[in-house]
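Here the structure is laid out as structure tokens; the discussion comes afterwards.
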Amino acid sequence: MWDSATIMMLAKETGTTLYMTLTSTLFAYVIGLPLGILLVVTAKDGLRPIAAVYKILDVVVNVTRSIPFLILLMLLIPFTRFVVGKSYGATATIVPLTIAAAPFIARLVESSLLEVDRGVIEAAQSMGAGTGTIVWKVLLAEARTSLIVGATIALGTILGYSAMAGAVGGGGLGDVAIRYGYYRYQADIMIVTVVLLIILVQILQLIGTRLSKRLDKRITN
Amino acid sequence: MGMAVMETIIQIKDVSKTFVGKENTVEALRGIDLDIHKGEIYGIIGMSGAGKSTLVRCLNFLEKPTKGTVLVEGKDLSVLEEKELRRMRTQIAMIFQHFNLLMQRTVLDNICFPLEIVGQKKKEARGRAEELLKIVGLSEKAKAYPAQLSGGQKQRVAIARALATNPKILLCDEATSALDPTTTKSILALLKEINERYGITIVIITHEMAVVQEICTHVAIIDGGSLAETGTVEEVFARPKTSAAKRLVFQNGGNYQEMKGKHCIRIVFKENSSFEPVIANMVLECKTPANILLADTKDIGGVAHGQMILQLPEDDIVAGKMISYLKERKLEVEELDNYVG
């Protein structure tokens, strides 16, 4: 199996997996980060309590999170076709990946921001800071370590989802595992893809942990 | 007082605050009336849960009163637009029990924070922050992070941060409650210095009488959401009228309540009365011993004040003689009838 074609194929599909994972994480943050901020700000004891907005977001996030990814993938086929022009391949997979990950990220962001000490928020308010300043300079800045940890978790989860998308021809390592390992009974290729996935998750985790530690000034050393 | 009429800087009129919860409503404040004058160090003291923290938050509208008005420099906070209120808050600084510093920012950047809020240029803000760090004596910690500082140092940074926008009022919410006695003293000394140097009016919320005695000029005692007593610290300390005031005055003077002694009196010494050995002379004069249950000296506004609790003899005639002897010597004598028997 170790001919150059297979190795090239594995290398290419590893690249595809990374492309899908990183791009959809980025897009999911574009949606999920503001959503998470809105959840915190409009909550009952938030900076700007707006019960209606909070309730709607809360329900939307919960509903989206309840749909199993594989089902969502199918449900979104018309939408994906509309956005990308086709419903299979790596780029097409980014659409359902983004939509599945955004509410998950919103929750991660929400919980990170809720960790910020209320006293510090109150201090900022006492200085005359407005909501925007507090969100930007207090909530996001103080929660940055936790946000990075959250992003690491998100990346790992989305990487897993992207492998699942292989089942419907999404491309990437998951696709390889299913096509070669499952349909053609090439267990060795399946094992190699699994090992590659593990290595990818480990690398992402390592980078995330290192970065969050380096940026955390609460620890003295 | 013989001074010129002082300008009122904070006027609290009939302020009430009720918190409505799901199961119960809590009346945190009930009809508070209080005037604080420019340049005063005003102590608001009460047991925990008395409503003092809510009251101080009504002064910068972090809590909006359910009823009543708060005027700061004659401006009714309740009619201000949000933007105006925020601008007002830059003039009413606040420090907290747990310092509330931004943990991910350096000391210097923490002090720059309120200046960023008012839109000052970064370079100017840094210059001002360095100046303030010098005032609080922490210049060498500019690049440190709050996690690397002691409690006292953190509070100094918080004070520097509070002063950044040149506020007219400084609110201190239990600012020394998380600190040890020595650090508390140094922080209070710093606050006093700030008050004298910059004429900033300081409002101190505390549950410790010692803090009030150390630096306050005036005190309000709050009990169960209502104002029990107000006055100069000297007045309230020498002649506490209400039971809430008495509880606080005796707070650090031993277990007053537990004394089962009969016929107890409390004497307050002032500067001019502390030279003569009064008690010894009284005992010689009456030829009957008196039991000293408590003796304590406190420094109030730079003047030594002492208090003593004596247990007088059972004989009412001798006891009466002793009381009049003390009163003749211009001592404050208070009979503690409620603790007899």
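Ligands are numbered from 1 in the order shown, chains are lettered A, B, ... in the order of the structure tokens, and residues start at 1 in each chain.
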
Residue set, stretch 192-334 of chain B restricted to strand (DSSP E or B), as JSON, numbers by chain: {"B": [201, 202, 203, 204, 205, 206, 218, 219, 220, 221, 222, 223, 226, 227, 228, 229, 230, 231, 232, 264, 265, 266, 267, 268, 269, 291, 292, 293, 294, 295, 296, 297, 298, 299, 300, 303, 304, 305, 306, 307, 308, 309, 310, 311, 332, 333, 334]}

DSSP helix (DSSP H, G or I) residues within stretch 18-212 of chain A, listed as a ChimeraX atom specification: /A:18-42,51-66,69-75,77-84,90-114,118-126,131-142,144-168,173-183,187-212

Among listed residues A:Ile31, A:Ala106, A:Ile134, A:Val194, nearest chain B (using only C-alpha atoms): A:Ile134

Mind running chain B against chain A at 8 Å and telling me each contacting residue's nearest atom pair with the distance in Å (one decimal), counting only C-alpha atoms, chain and number ascending, as CSV?
residue,atom,partner,partner_atom,distance
B:Asn60,CA,A:Ser126,CA,7.0
B:Leu62,CA,A:Ser126,CA,7.0
B:Leu85,CA,A:Gly128,CA,7.6
B:Arg86,CA,A:Gly128,CA,4.1
B:Arg87,CA,A:Gly128,CA,6.1
B:Met88,CA,A:Gly128,CA,7.5
B:Arg89,CA,A:Gly128,CA,5.0
B:Thr90,CA,A:Met127,CA,5.2
B:Ile92,CA,A:Ser126,CA,7.7
B:Ala93,CA,A:Met127,CA,6.4
B:Met94,CA,A:Ser126,CA,6.5
B:Ile95,CA,A:Ala123,CA,7.7
B:His98,CA,A:Gly119,CA,7.7
B:Asn100,CA,A:Val120,CA,4.6
B:Leu101,CA,A:Val120,CA,6.2
B:Leu102,CA,A:Val120,CA,6.6
B:Met103,CA,A:Arg218,CA,5.9
B:Gln104,CA,A:Lys217,CA,5.2
B:Arg105,CA,A:Lys217,CA,7.5
B:Pro114,CA,A:Met127,CA,5.9
B:Ile117,CA,A:Ala129,CA,5.8
B:Tyr145,CA,A:Lys217,CA,6.5
B:Pro146,CA,A:Arg218,CA,7.6
B:Ala147,CA,A:Arg218,CA,5.3
B:Gln148,CA,A:Thr220,CA,6.2
B:Ala162,CA,A:Met127,CA,8.0

Just-selected residues, C-alpha atoms written as a compact mmCIF listing (two decimals), in the first residue's frame:
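Contents of result07.txt, freshly written:
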# COMPACT_ATOMS: atom_id res chain seq x y z
CA ASN B 60 -23.42 56.10 41.06
CA LEU B 62 -25.14 50.97 39.59
CA LEU B 85 -24.87 59.15 33.44
CA ARG B 86 -21.77 57.45 32.08
CA ARG B 87 -19.98 60.78 31.89
CA MET B 88 -21.09 61.48 35.47
CA ARG B 89 -19.63 58.16 36.57
CA THR B 90 -16.18 59.21 35.44
CA ILE B 92 -17.59 59.25 40.85
CA ALA B 93 -14.85 56.67 41.16
CA MET B 94 -15.24 53.47 43.10
CA ILE B 95 -12.96 50.92 44.75
CA HIS B 98 -11.94 42.44 45.96
CA ASN B 100 -11.73 44.13 40.69
CA LEU B 101 -8.65 44.67 38.56
CA LEU B 102 -8.42 43.36 35.02
CA MET B 103 -6.35 40.24 35.55
CA GLN B 104 -5.08 40.05 31.97
CA ARG B 105 -3.71 43.58 31.93
CA PRO B 114 -10.68 54.49 32.71
CA ILE B 117 -13.08 54.83 28.37
CA TYR B 145 0.20 41.70 36.46
CA PRO B 146 -2.35 41.85 39.29
CA ALA B 147 -1.77 38.16 40.09
CA GLN B 148 1.78 39.04 41.08
CA ALA B 162 -9.95 55.33 40.47

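Excluding B:Val211 itself and same-chain residues fewer than 5 positions from it, the residues having an atom within 8 Å of it are Leu188, Thr206 and Cys216 of chain B, counting only C-alpha atoms.
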
Length of the atom CA of A:Ser4 to atom CA of A:Val201 vector [Å]: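 Computing the Euclidean distance for atom CA of A:Ser4 and atom CA of A:Val201 yields 24.9 Å.
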
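Taking atom CA of B:Ser150 and atom CA of B:Ala129 as endpoints, the distance between them is 19.5 Å.
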
Between atom CA of B:Pro65 and atom CA of B:Ser16 - distance in Å to one decimal: 5.8 Å
